[in-house]
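Asks: Input file: run16.tsv. Contents: TSV, C-alpha atoms and all ligand atoms.
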```tsv
chain	number	residue	atom	x	y	z
A	1	MET	CA	0.00	0.00	0.00
A	2	THR	CA	1.28	3.46	-0.85
A	3	VAL	CA	0.76	5.87	1.99
A	4	THR	CA	-0.94	8.95	0.61
A	5	ARG	CA	-1.81	12.17	2.36
A	6	GLU	CA	-5.40	10.99	2.68
A	7	VAL	CA	-4.35	7.66	4.22
A	8	ALA	CA	-2.14	9.46	6.74
A	9	LEU	CA	-4.85	11.96	7.65
A	10	GLY	CA	-7.44	9.16	7.95
A	11	GLU	CA	-5.14	7.28	10.27
A	12	ILE	CA	-4.94	10.08	12.82
A	13	SER	CA	-8.27	11.89	12.41
A	14	ASP	CA	-10.10	10.02	15.21
A	15	ILE	CA	-7.44	10.64	17.88
A	16	ALA	CA	-9.19	12.29	20.83
A	17	LEU	CA	-8.07	15.76	21.93
A	18	PRO	CA	-8.11	17.01	25.54
A	19	GLY	CA	-11.27	19.09	24.89
A	20	GLY	CA	-13.35	16.12	23.72
A	21	GLN	CA	-13.18	16.65	19.95
A	22	THR	CA	-11.15	14.48	17.62
A	23	LEU	CA	-8.18	15.70	15.62
A	24	GLY	CA	-10.28	15.59	12.46
A	25	GLN	CA	-13.18	17.53	13.98
A	26	ALA	CA	-10.92	20.21	15.42
A	27	ASP	CA	-9.29	20.63	11.98
A	28	ILE	CA	-5.86	21.57	13.30
A	29	VAL	CA	-3.62	19.46	11.07
A	30	ARG	CA	-1.82	21.65	8.55
A	31	ALA	CA	0.71	21.16	5.77
A	32	LEU	CA	0.87	17.39	5.94
A	33	VAL	CA	3.46	16.17	3.47
A	34	ILE	CA	4.91	12.76	2.78
A	35	ASP	CA	8.48	12.86	1.67
A	36	GLY	CA	9.78	9.35	1.04
A	37	GLY	CA	9.55	7.57	4.37
A	38	THR	CA	8.95	10.77	6.33
A	39	ILE	CA	5.62	12.32	7.23
A	40	ARG	CA	5.67	15.94	8.38
A	41	PHE	CA	2.86	18.11	9.55
A	42	VAL	CA	1.93	21.01	11.76
A	43	LEU	CA	-0.62	21.00	14.58
A	44	GLU	CA	-1.98	24.50	14.88
A	45	VAL	CA	-3.49	25.50	18.20
A	46	ALA	CA	-4.53	28.73	19.87
A	47	SER	CA	-1.92	29.09	22.59
A	48	ALA	CA	1.34	27.74	23.89
A	49	GLU	CA	-0.56	26.16	26.77
A	50	ALA	CA	-2.88	24.32	24.37
A	51	ALA	CA	0.19	23.20	22.44
A	52	ARG	CA	1.72	21.69	25.57
A	53	ALA	CA	-1.50	19.79	26.29
A	54	LEU	CA	-1.19	18.12	22.89
A	55	ALA	CA	1.91	16.11	23.78
A	56	PRO	CA	-0.04	12.80	24.22
A	57	VAL	CA	-1.89	13.46	20.94
A	58	GLU	CA	1.41	13.91	19.13
A	59	GLU	CA	2.69	10.71	20.65
A	60	GLU	CA	-0.36	8.74	19.54
A	61	ALA	CA	-0.24	10.25	16.03
A	62	ARG	CA	3.42	9.36	15.76
A	63	ARG	CA	2.78	5.80	16.94
A	64	ARG	CA	-0.01	5.27	14.41
A	65	LEU	CA	1.84	6.79	11.48
A	66	LEU	CA	5.03	4.87	12.17
A	67	ALA	CA	2.96	1.68	11.93
A	68	LEU	CA	2.12	2.48	8.29
A	69	PRO	CA	4.18	0.62	5.68
A	70	GLY	CA	7.36	2.38	4.63
A	71	ILE	CA	7.06	5.21	7.17
A	72	GLU	CA	10.27	5.57	9.14
A	73	LYS	CA	10.03	9.06	10.53
A	74	VAL	CA	7.26	11.38	11.69
A	75	GLN	CA	8.01	15.04	12.32
A	76	ILE	CA	5.32	17.03	14.08
A	77	VAL	CA	5.57	20.68	14.94
A	78	THR	CA	2.95	22.20	17.19
A	79	THR	CA	2.45	25.89	16.64
A	80	ALA	CA	0.52	28.51	18.53
A	81	ALA	CA	-1.38	30.68	16.06
A	82	ALA	CA	-2.08	34.41	16.02
A	83	GLY	CA	1.46	35.66	15.75
A	84	ALA	CA	2.89	33.56	18.53
A	85	ALA	CA	6.10	31.68	17.93
A	86	PRO	CA	5.83	27.97	17.31
A	87	ALA	CA	5.52	26.23	20.63
A	88	ARG	CA	8.16	23.66	19.91
A	89	ALA	CA	9.88	24.79	16.76
A	90	SER	CA	11.60	27.95	17.82
A	91	GLY	CA	15.36	28.09	17.93
A	92	ALA	CA	17.19	29.53	20.89
A	93	PRO	CA	20.06	31.37	19.28
A	94	GLY	CA	23.07	31.84	21.47
A	95	GLY	CA	26.51	33.24	20.71
A	96	GLN	CA	27.72	36.40	22.34
A	97	GLY	CA	25.31	39.10	23.43
A	98	GLU	CA	21.64	38.61	24.05
A	99	ALA	CA	19.72	35.98	22.17
A	100	PRO	CA	18.17	37.48	19.05
A	101	SER	CA	14.43	37.81	19.12
A	102	LEU	CA	14.27	36.30	15.68
A	103	LYS	CA	11.80	33.63	16.56
A	104	VAL	CA	11.88	31.42	13.53
A	105	GLY	CA	8.41	30.78	12.26
A	106	ARG	CA	6.91	34.10	13.41
A	107	HIS	CA	4.13	35.45	11.25
A	108	ALA	CA	5.00	38.16	8.78
A	109	THR	CA	4.21	41.76	9.57
A	110	PRO	CA	2.37	43.71	6.89
A	111	GLN	CA	4.53	45.47	4.33
A	112	ALA	CA	3.82	47.32	1.15
A	113	GLY	CA	5.31	44.89	-1.39
A	114	PRO	CA	8.85	43.84	-2.29
A	115	GLN	CA	11.34	45.90	-0.28
A	116	PRO	CA	15.00	46.57	-0.96
A	117	ILE	CA	17.44	45.58	1.77
A	118	PRO	CA	19.29	48.72	2.84
A	119	GLY	CA	22.91	48.60	1.64
A	120	VAL	CA	22.36	45.59	-0.62
A	121	ARG	CA	22.69	46.41	-4.33
A	122	ASN	CA	21.52	43.14	-5.88
A	123	ILE	CA	19.59	40.16	-4.61
A	124	ILE	CA	19.98	36.97	-6.62
A	125	ALA	CA	17.88	33.92	-5.82
A	126	ILE	CA	19.38	30.55	-6.70
A	127	GLY	CA	16.71	27.97	-7.35
A	128	SER	CA	16.23	24.54	-8.83
A	129	GLY	CA	13.22	22.50	-9.75
A	130	LYS	CA	14.54	19.31	-8.27
A	131	GLY	CA	16.45	18.56	-5.07
A	132	GLY	CA	20.00	17.26	-5.13
A	133	VAL	CA	21.06	18.90	-8.41
A	134	GLY	CA	23.74	20.89	-6.59
A	135	LYS	CA	22.00	24.21	-6.02
A	136	SER	CA	23.59	24.74	-2.60
A	137	THR	CA	27.01	23.73	-3.90
A	138	VAL	CA	26.68	26.18	-6.78
A	139	THR	CA	25.56	28.96	-4.39
A	140	SER	CA	28.45	28.56	-1.95
A	141	ASN	CA	31.00	28.33	-4.75
A	142	LEU	CA	29.59	31.31	-6.60
A	143	ALA	CA	29.67	33.31	-3.36
A	144	VAL	CA	33.32	32.42	-2.80
A	145	ALA	CA	34.23	33.12	-6.45
A	146	LEU	CA	32.59	36.55	-6.25
A	147	ALA	CA	34.43	37.31	-3.00
A	148	ARG	CA	37.70	36.24	-4.65
A	149	ALA	CA	36.91	38.69	-7.45
A	150	GLY	CA	36.74	41.44	-4.85
A	151	ARG	CA	32.97	41.76	-4.52
A	152	ARG	CA	31.16	42.21	-1.23
A	153	VAL	CA	28.99	39.12	-1.07
A	154	GLY	CA	26.27	37.90	1.25
A	155	LEU	CA	24.87	34.38	1.34
A	156	LEU	CA	21.49	33.63	2.86
A	157	ASP	CA	20.66	29.96	3.22
A	158	ALA	CA	16.88	29.88	3.02
A	159	ASP	CA	16.67	26.15	2.35
A	160	ILE	CA	14.48	25.57	5.36
A	161	TYR	CA	14.03	21.88	4.64
A	162	GLY	CA	17.74	21.10	4.47
A	163	PRO	CA	19.98	24.06	5.27
A	164	SER	CA	23.42	22.92	4.13
A	165	GLN	CA	25.40	26.17	3.90
A	166	PRO	CA	26.84	26.02	7.43
A	167	ARG	CA	28.46	22.68	6.51
A	168	MET	CA	29.49	23.78	3.01
A	169	MET	CA	30.98	27.07	4.25
A	170	GLY	CA	32.46	25.48	7.37
A	171	VAL	CA	30.65	27.53	10.01
A	172	SER	CA	28.71	26.33	13.00
A	173	ALA	CA	28.70	29.23	15.50
A	174	ARG	CA	25.35	30.62	16.53
A	175	PRO	CA	24.98	34.21	15.30
A	176	ALA	CA	25.14	36.87	18.01
A	177	SER	CA	22.70	39.67	18.60
A	178	PRO	CA	24.13	42.62	20.55
A	179	ASP	CA	20.75	44.33	20.98
A	180	GLY	CA	18.57	41.23	21.11
A	181	GLN	CA	16.81	42.41	17.97
A	182	ARG	CA	19.13	42.45	15.04
A	183	ILE	CA	21.36	39.56	14.12
A	184	GLU	CA	25.03	39.66	13.31
A	185	PRO	CA	25.76	37.45	10.32
A	186	LEU	CA	28.84	35.21	10.26
A	187	GLN	CA	31.90	35.48	8.02
A	188	ALA	CA	33.37	32.60	6.05
A	189	HIS	CA	35.90	32.68	3.19
A	190	GLY	CA	35.25	36.39	2.65
A	191	VAL	CA	31.48	35.90	2.49
A	192	THR	CA	28.94	37.38	4.92
A	193	MET	CA	26.54	34.58	5.67
A	194	MET	CA	23.46	33.58	7.54
A	195	SER	CA	21.53	30.34	7.51
A	196	ILE	CA	18.15	29.47	8.84
A	197	GLY	CA	19.94	26.32	10.03
A	198	LEU	CA	22.04	28.39	12.46
A	199	MET	CA	18.87	29.50	14.23
A	200	LEU	CA	17.71	25.96	14.92
A	201	LYS	CA	18.96	23.42	17.37
A	202	GLU	CA	21.17	20.71	15.92
A	203	GLY	CA	19.09	18.06	14.16
A	204	GLU	CA	15.85	19.94	14.71
A	205	ALA	CA	13.37	19.54	11.90
A	206	VAL	CA	10.88	22.28	11.23
A	207	VAL	CA	7.72	22.38	9.25
A	208	TRP	CA	6.23	25.76	8.61
A	209	ARG	CA	3.20	26.76	6.73
A	210	GLY	CA	2.88	29.78	4.49
A	211	PRO	CA	2.44	32.70	6.89
A	212	MET	CA	5.22	31.50	9.19
A	213	LEU	CA	7.59	31.04	6.29
A	214	MET	CA	6.78	34.56	5.22
A	215	GLY	CA	7.65	35.81	8.70
A	216	ALA	CA	10.89	33.84	8.85
A	217	MET	CA	11.97	35.07	5.41
A	218	GLN	CA	11.11	38.65	6.25
A	219	GLN	CA	13.15	38.48	9.44
A	220	LEU	CA	16.17	36.91	7.77
A	221	LEU	CA	16.12	39.56	5.10
A	222	GLN	CA	15.47	42.56	7.33
A	223	GLN	CA	16.80	41.72	10.81
A	224	VAL	CA	20.19	40.40	9.78
A	225	MET	CA	22.82	43.17	9.64
A	226	TRP	CA	23.93	42.47	6.09
A	227	GLY	CA	25.89	45.71	5.79
A	228	GLU	CA	27.03	47.04	2.42
A	229	LEU	CA	26.88	44.28	-0.18
A	230	ASP	CA	27.30	44.20	-3.95
A	231	VAL	CA	25.15	41.10	-4.02
A	232	LEU	CA	23.19	38.86	-1.70
A	233	LEU	CA	22.82	35.28	-2.95
A	234	ILE	CA	19.84	33.37	-1.62
A	235	ASP	CA	19.95	29.59	-1.57
A	236	LEU	CA	16.31	28.54	-1.97
A	237	PRO	CA	14.76	25.19	-1.18
A	238	PRO	CA	14.18	23.07	-4.29
A	239	GLY	CA	10.84	23.32	-6.06
A	240	THR	CA	8.24	25.97	-6.33
A	241	GLY	CA	6.88	26.52	-2.85
A	242	ASP	CA	6.11	29.09	-0.20
A	243	VAL	CA	9.69	30.25	0.36
A	244	GLN	CA	10.07	31.30	-3.28
A	245	LEU	CA	6.73	33.05	-3.10
A	246	SER	CA	7.58	34.79	0.20
A	247	LEU	CA	10.98	35.88	-1.03
A	248	CYS	CA	9.70	37.43	-4.24
A	249	GLN	CA	6.85	39.14	-2.38
A	250	LYS	CA	9.04	40.46	0.44
A	251	ALA	CA	12.30	41.38	-1.25
A	252	ALA	CA	13.14	43.33	-4.38
A	253	VAL	CA	14.86	40.34	-6.02
A	254	THR	CA	17.07	41.37	-8.94
A	255	GLY	CA	16.72	38.01	-10.62
A	256	ALA	CA	16.97	34.25	-10.31
A	257	ILE	CA	19.51	31.69	-11.44
A	258	ILE	CA	18.22	28.17	-12.04
A	259	VAL	CA	20.51	25.21	-11.47
A	260	SER	CA	19.84	21.94	-13.28
A	261	THR	CA	21.67	18.82	-14.33
A	262	PRO	CA	21.40	17.92	-18.01
A	263	GLN	CA	19.11	15.02	-17.12
A	264	ASP	CA	15.58	15.15	-18.57
A	265	VAL	CA	13.76	14.83	-15.30
A	266	ALA	CA	15.74	17.59	-13.65
A	267	LEU	CA	15.16	19.78	-16.69
A	268	LEU	CA	11.42	19.26	-16.58
A	269	ASP	CA	11.44	20.46	-12.99
A	270	ALA	CA	13.73	23.35	-13.88
A	271	ARG	CA	11.15	24.44	-16.44
A	272	ARG	CA	8.55	24.58	-13.68
A	273	ALA	CA	10.86	26.71	-11.55
A	274	ILE	CA	11.39	29.05	-14.50
A	275	ASP	CA	7.62	29.35	-15.02
A	276	MET	CA	7.16	30.13	-11.35
A	277	PHE	CA	9.69	32.98	-11.40
A	278	ALA	CA	8.02	34.31	-14.53
A	279	LYS	CA	4.67	34.33	-12.71
A	280	LEU	CA	6.28	36.12	-9.77
A	281	LYS	CA	7.68	38.68	-12.23
A	282	THR	CA	11.25	37.86	-11.20
A	283	PRO	CA	13.61	37.84	-14.20
A	284	VAL	CA	15.49	34.61	-14.83
A	285	LEU	CA	19.09	35.73	-15.26
A	286	GLY	CA	20.22	32.42	-16.69
A	287	LEU	CA	20.77	28.73	-16.12
A	288	VAL	CA	23.69	26.85	-14.65
A	289	GLU	CA	24.32	23.29	-15.77
A	290	ASN	CA	25.79	21.36	-12.88
A	291	MET	CA	27.30	17.87	-13.07
A	292	SER	CA	27.88	18.63	-16.70
A	293	VAL	CA	30.68	16.30	-17.67
A	294	TYR	CA	32.62	13.75	-15.69
A	295	VAL	CA	36.33	13.68	-16.43
A	296	CYS	CA	38.02	10.51	-15.21
A	297	PRO	CA	40.88	11.63	-12.96
A	298	ASN	CA	42.96	8.60	-14.10
A	299	CYS	CA	42.61	8.50	-17.89
A	300	GLY	CA	41.02	11.86	-18.75
A	301	HIS	CA	38.05	10.18	-20.46
A	302	GLU	CA	34.98	12.44	-20.53
A	303	ALA	CA	31.58	10.93	-19.75
A	304	HIS	CA	28.22	12.69	-19.78
A	305	LEU	CA	26.60	10.80	-16.94
A	306	PHE	CA	23.44	12.90	-16.90
A	307	GLY	CA	23.17	13.45	-20.67
A	308	GLN	CA	24.59	16.21	-22.81
A	309	GLY	CA	23.43	19.57	-24.06
A	310	GLY	CA	20.06	19.52	-22.30
A	311	VAL	CA	20.46	22.69	-20.27
A	312	ARG	CA	21.97	24.58	-23.19
A	313	ALA	CA	19.00	23.64	-25.40
A	314	GLU	CA	16.59	24.65	-22.65
A	315	ALA	CA	18.37	27.97	-22.15
A	316	GLU	CA	18.22	28.66	-25.89
A	317	ALA	CA	14.53	27.74	-26.03
A	318	MET	CA	13.71	30.26	-23.35
A	319	GLY	CA	16.11	32.92	-24.51
A	320	ALA	CA	18.07	32.92	-21.23
A	321	PRO	CA	21.84	32.62	-21.13
A	322	LEU	CA	23.55	29.41	-20.11
A	323	LEU	CA	25.78	30.99	-17.49
A	324	ALA	CA	28.06	28.07	-16.64
A	325	GLU	CA	28.71	24.37	-17.07
A	326	ILE	CA	30.18	22.93	-13.90
A	327	PRO	CA	31.92	19.56	-14.19
A	328	LEU	CA	31.03	16.59	-12.02
A	329	GLN	CA	34.14	16.04	-9.96
A	330	LEU	CA	34.81	14.12	-6.82
A	331	ASP	CA	36.80	17.00	-5.35
A	332	VAL	CA	33.76	19.32	-5.68
A	333	ARG	CA	31.90	17.02	-3.32
A	334	ILE	CA	34.84	16.53	-0.97
A	335	ALA	CA	35.45	20.28	-0.82
A	336	ALA	CA	31.75	20.91	-0.10
A	337	ASP	CA	31.76	18.37	2.72
A	338	SER	CA	34.92	19.82	4.23
A	339	GLY	CA	33.57	23.37	4.47
A	340	ARG	CA	36.00	24.78	1.90
A	341	PRO	CA	34.22	25.26	-1.45
A	342	ILE	CA	36.23	24.16	-4.49
A	343	ALA	CA	36.12	27.72	-5.84
A	344	LEU	CA	38.80	28.56	-3.26
A	345	GLU	CA	41.26	26.27	-5.08
A	346	GLN	CA	42.67	26.01	-8.63
A	347	GLY	CA	41.30	23.77	-11.38
A	348	ALA	CA	38.48	23.24	-13.85
A	349	ALA	CA	35.61	23.68	-11.38
A	350	ALA	CA	37.18	26.76	-9.75
A	351	ASP	CA	37.74	28.25	-13.24
A	352	ALA	CA	34.11	27.63	-14.17
A	353	TYR	CA	32.98	29.46	-11.03
A	354	ALA	CA	35.40	32.33	-11.60
A	355	ALA	CA	34.00	32.71	-15.15
A	356	LEU	CA	30.43	32.65	-13.80
A	357	ALA	CA	31.33	35.34	-11.24
A	358	ARG	CA	32.88	37.48	-13.99
A	359	LYS	CA	29.73	37.22	-16.12
A	360	LEU	CA	27.57	38.47	-13.28
A	361	ILE	CA	29.96	41.30	-12.50
A	362	GLU	CA	30.11	42.34	-16.18
A	363	ARG	CA	26.31	42.47	-16.30
A	364	GLY	CA	26.28	44.70	-13.23
A	365	LEU	CA	24.52	42.03	-11.21
A	366	ALA	CA	27.20	41.60	-8.58
B	401	LIG	N1	29.64	19.38	-9.63
B	401	LIG	C1	29.60	18.49	-8.67
B	401	LIG	N2	30.47	17.45	-8.64
B	401	LIG	C2	30.43	16.52	-7.65
B	401	LIG	N3	29.55	16.53	-6.65
B	401	LIG	C3	28.64	17.53	-6.63
B	401	LIG	C4	28.62	18.56	-7.62
B	401	LIG	N4	27.62	19.43	-7.32
B	401	LIG	C5	27.05	18.97	-6.19
B	401	LIG	N5	27.65	17.84	-5.76
B	401	LIG	C6	27.32	17.03	-4.59
B	401	LIG	O1	25.96	16.59	-4.76
B	401	LIG	C7	25.28	16.58	-3.51
B	401	LIG	C8	24.03	17.44	-3.61
B	401	LIG	O2	24.41	18.79	-3.77
B	401	LIG	P1	23.63	20.00	-3.09
B	401	LIG	O3	23.34	19.71	-1.65
B	401	LIG	O4	24.36	21.23	-3.44
B	401	LIG	O5	22.26	19.91	-3.90
B	401	LIG	P2	20.94	20.79	-3.74
B	401	LIG	O6	20.38	20.91	-5.11
B	401	LIG	O7	21.22	22.02	-2.98
B	401	LIG	O8	20.07	19.81	-2.89
B	401	LIG	P3	18.85	20.15	-1.89
B	401	LIG	O9	18.34	21.51	-2.23
B	401	LIG	O10	17.91	19.04	-2.17
B	401	LIG	O11	19.46	20.12	-0.52
B	401	LIG	C9	26.28	17.08	-2.48
B	401	LIG	O12	26.87	15.96	-1.88
B	401	LIG	C10	27.33	17.83	-3.32
B	401	LIG	O13	28.61	17.83	-2.71
```
In structure tokens, write the structure found in this file.

Replies:
Amino acid sequence: MTVTREVALGEISDIALPGGQTLGQADIVRALVIDGGTIRFVLEVASAEAARALAPVEEEARRRLLALPGIEKVQIVTTAAAGAAPARASGAPGGQGEAPSLKVGRHATPQAGPQPIPGVRNIIAIGSGKGGVGKSTVTSNLAVALARAGRRVGLLDADIYGPSQPRMMGVSARPASPDGQRIEPLQAHGVTMMSIGLMLKEGEAVVWRGPMLMGAMQQLLQQVMWGELDVLLIDLPPGTGDVQLSLCQKAAVTGAIIVSTPQDVALLDARRAIDMFAKLKTPVLGLVENMSVYVCPNCGHEAHLFGQGGVRAEAEAMGAPLLAEIPLQLDVRIAADSGRPIALEQGAAADAYAALARKLIERGLA
């Protein structure tokens, strides 16, 4: 049996709540998603107190869902509505100074449309249709390549479902907040950076629904002391979801870069991402083909593991430039895992990133 959303919801809907209703009757389950063997959802309640009273309900829901075939993990976040921070999803940032009041998952405050970030000249969103195509790797390397070219670069890791920039950039410190309001970003390899992952406790999984994502994005854009930057790169989650929507509604995004492998399935998803940015009236600045060609380190033989020419053809079809072709190399992965992006070194991948950085600088985008 495949576990669908409906099956999962049906499984938990008759769990009794403290007030006498069932989970289904109270209609408090939000954003239930099934991602492989993981089920995630939000329980939305009126107050932190009500959230605490739901602990046995969560336990029962988890027990029932884990009994479903193929389900290995259940992540439940209980949130208090009406502007309150999530009852059990908020991070407790430390570092020096007072803890920042950036309560991740806070609702957005009203604002009049996309806002510039003071001191930041360009905002470039890096997106992909599909996960795992190397979007975060491309973002960290591009940031480093731009910094090497003398630009003032910021990197915001907004991949709320899998923030990987702290690992890729080799930082783990919690950001400080001298006044308890604004947040001091971190510095790594000449890049000013902030990650939603640095605001969460290690290993903590968070599920947010639309309004909370909006709030979190708004805070990361406006409460972090980005300073004077030529460009702020934003590492988006894969796909076409609420973060992309929030970002383009909250910030005056200069444009988006879409990362794809040459493989058909990744390209199909990339097309969806391109359509989404078009709908959000955010210009697509170009495409980056990642994992383009594999060069055997022993014999020099070139192999196109994920196909050839696909991203170039797609870029031509949509009239957007193909900005870079990044080779598939073991040392790209090793460098990413070690916290020192390959763009800091010499070689084919570093050259490709330096050329990409130059293109953006020449176009006045960074
Ligand atoms: N050009 C490359 N050569 C070798 N390995 C690569 C290359 N690009 C990315 N990788 C590796 O592929 C894996 C996935 O990359 P990455 O996390 O950047 O993808 P992503 O698109 O950001 O994924 P997601 O958004 O789903 O987290 C990582 O282990 C990374 O080191």

Asks: Mind listing the residues within 6 Å of ligand LIG 401 (chain B), all atoms listed in the file counted, as a PDB file with C-alpha atoms, keeping the file's coordinate frame?

Replies:
```
ATOM      1  CA  GLY A 131      16.450  18.560  -5.070  1.00  0.00           C
ATOM      2  CA  GLY A 132      20.000  17.260  -5.130  1.00  0.00           C
ATOM      3  CA  VAL A 133      21.060  18.900  -8.410  1.00  0.00           C
ATOM      4  CA  GLY A 134      23.740  20.890  -6.590  1.00  0.00           C
ATOM      5  CA  LYS A 135      22.000  24.210  -6.020  1.00  0.00           C
ATOM      6  CA  SER A 136      23.590  24.740  -2.600  1.00  0.00           C
ATOM      7  CA  THR A 137      27.010  23.730  -3.900  1.00  0.00           C
ATOM      8  CA  GLY A 162      17.740  21.100   4.470  1.00  0.00           C
ATOM      9  CA  PRO A 237      14.760  25.190  -1.180  1.00  0.00           C
ATOM     10  CA  PRO A 238      14.180  23.070  -4.290  1.00  0.00           C
ATOM     11  CA  ASN A 290      25.790  21.360 -12.880  1.00  0.00           C
ATOM     12  CA  MET A 291      27.300  17.870 -13.070  1.00  0.00           C
ATOM     13  CA  ILE A 326      30.180  22.930 -13.900  1.00  0.00           C
ATOM     14  CA  PRO A 327      31.920  19.560 -14.190  1.00  0.00           C
ATOM     15  CA  LEU A 328      31.030  16.590 -12.020  1.00  0.00           C
ATOM     16  CA  GLN A 329      34.140  16.040  -9.960  1.00  0.00           C
ATOM     17  CA  LEU A 330      34.810  14.120  -6.820  1.00  0.00           C
ATOM     18  CA  VAL A 332      33.760  19.320  -5.680  1.00  0.00           C
ATOM     19  CA  ARG A 333      31.900  17.020  -3.320  1.00  0.00           C
ATOM     20  CA  ALA A 336      31.750  20.910  -0.100  1.00  0.00           C
TER      21      ALA A 336
END
```

Asks: Figure out the distance between CA of Val171 (chain A) and CA of Glu325 (chain A), please, to one decimal in Å.

Replies: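 It comes out at 27.3 Å.
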
Asks: Looking at only C-alpha atoms, which of A:Val33, A:Ile12, A:Ala145, A:Met193 is the one that sits closest to Ile342 (chain A)?

Replies: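 Comparing A:Val33, A:Ile12, A:Ala145, A:Met193 against Ile342 (chain A), the winner is A:Ala145.
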
Asks: Would you kindly identify which residues have an atom no farther than 8 Å from (21.4, 31.0, -18.3), using only C-alpha atoms and the file's own coordinates, and write them out as number ranges by chain?

Replies: A: 257-258, 284-288, 315, 320-324

Asks: When you count all atoms listed in the file, which of these residues is closest to Gln244 (chain A): A:Ile126, A:Leu344, A:Ala270, A:Leu305?

Replies: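 Nearest to Gln244 (chain A): A:Ile126.
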
Asks: Show which residues sit within 12 Å of Gln263 (chain A), as a list in words. Count only C-alpha atoms, and ignore same-chain residues fewer than 2 positions away.

Replies: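 The neighbour list is Lys130, Val133, Val259, Ser260, Thr261, Val265, Ala266, Leu267, Leu268, Asp269, Ala270, Glu289, Asn290, Met291, Ser292, Val293, His304, Leu305, Phe306, Gly307, Gln308, Gly309, Gly310, Val311, Arg312, Ala313 and Glu314 of chain A.
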
Asks: Could you please determine the separation between CA of Ala53 (chain A) and CA of Ala67 (chain A) in Å, to one decimal place?

Replies: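 The value is 23.5 Å.
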
Asks: Counting all atoms listed in the file, figure out which residue out of A:Gln75, A:Ser128, A:Ser140, A:Gln219 gets nearest to Arg272 (chain A).

Replies: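 Using all atoms listed in the file, the shortest distance to Arg272 (chain A) belongs to A:Ser128.
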
Asks: Separation of CA of Gln249 (chain A) and CA of Leu221 (chain A), in Å?

Replies: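 If I compute the distance from CA of Gln249 (chain A) to CA of Leu221 (chain A), I get 11.9 Å.
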
Asks: What box, with edges along x, y and z, holds each listed atom of region 63-80 of chain A when 6 Å is added on every side, and can you state its centre and edge lengths in Å to one decimal, as lines of an AutoDock Vina configuration file?

Replies:
```
center_x = 5.1
center_y = 14.6
center_z = 11.6
size_x = 22.3
size_y = 39.9
size_z = 25.9
```

Asks: So that I can check the surroundings of Ala16 (chain A), please list as a count of residues only every protein, DNA and RNA residue that reaches within 10 Å of it, counting all atoms listed in the file and ignoring chain neighbours fewer than 2 positions away.

Replies: 15

Asks: Output region 248-259 of chain A as an mmCIF file, in the frame of the given file, making sure N, CA and C atoms are there.

Replies:
```
data_model
loop_
_atom_site.group_PDB
_atom_site.id
_atom_site.type_symbol
_atom_site.label_atom_id
_atom_site.label_comp_id
_atom_site.auth_asym_id
_atom_site.auth_seq_id
_atom_site.Cartn_x
_atom_site.Cartn_y
_atom_site.Cartn_z
ATOM 1 N N CYS A 248 9.966 36.489 -3.148
ATOM 2 C CA CYS A 248 9.700 37.430 -4.240
ATOM 3 C C CYS A 248 8.647 38.466 -3.840
ATOM 4 N N GLN A 249 7.817 38.134 -2.854
ATOM 5 C CA GLN A 249 6.850 39.140 -2.380
ATOM 6 C C GLN A 249 7.483 40.109 -1.394
ATOM 7 N N LYS A 250 8.482 39.636 -0.638
ATOM 8 C CA LYS A 250 9.040 40.460 0.440
ATOM 9 C C LYS A 250 10.239 41.287 -0.020
ATOM 10 N N ALA A 251 11.044 40.712 -0.917
ATOM 11 C CA ALA A 251 12.300 41.380 -1.250
ATOM 12 C C ALA A 251 12.337 41.761 -2.719
ATOM 13 N N ALA A 252 12.990 42.876 -2.987
ATOM 14 C CA ALA A 252 13.140 43.330 -4.380
ATOM 15 C C ALA A 252 14.247 42.484 -5.016
ATOM 16 N N VAL A 253 13.883 41.290 -5.472
ATOM 17 C CA VAL A 253 14.860 40.340 -6.020
ATOM 18 C C VAL A 253 15.271 40.808 -7.421
ATOM 19 N N THR A 254 16.576 40.929 -7.628
ATOM 20 C CA THR A 254 17.070 41.370 -8.940
ATOM 21 C C THR A 254 16.768 40.324 -10.002
ATOM 22 N N GLY A 255 16.978 39.071 -9.665
ATOM 23 C CA GLY A 255 16.720 38.010 -10.620
ATOM 24 C C GLY A 255 17.042 36.656 -10.018
ATOM 25 N N ALA A 256 16.753 35.614 -10.804
ATOM 26 C CA ALA A 256 16.970 34.250 -10.310
ATOM 27 C C ALA A 256 17.884 33.492 -11.251
ATOM 28 N N ILE A 257 18.694 32.620 -10.662
ATOM 29 C CA ILE A 257 19.510 31.690 -11.440
ATOM 30 C C ILE A 257 18.971 30.291 -11.157
ATOM 31 N N ILE A 258 18.758 29.523 -12.226
ATOM 32 C CA ILE A 258 18.220 28.170 -12.040
ATOM 33 C C ILE A 258 19.328 27.155 -12.296
ATOM 34 N N VAL A 259 19.494 26.263 -11.336
ATOM 35 C CA VAL A 259 20.510 25.210 -11.470
ATOM 36 C C VAL A 259 19.810 23.919 -11.885
#
```
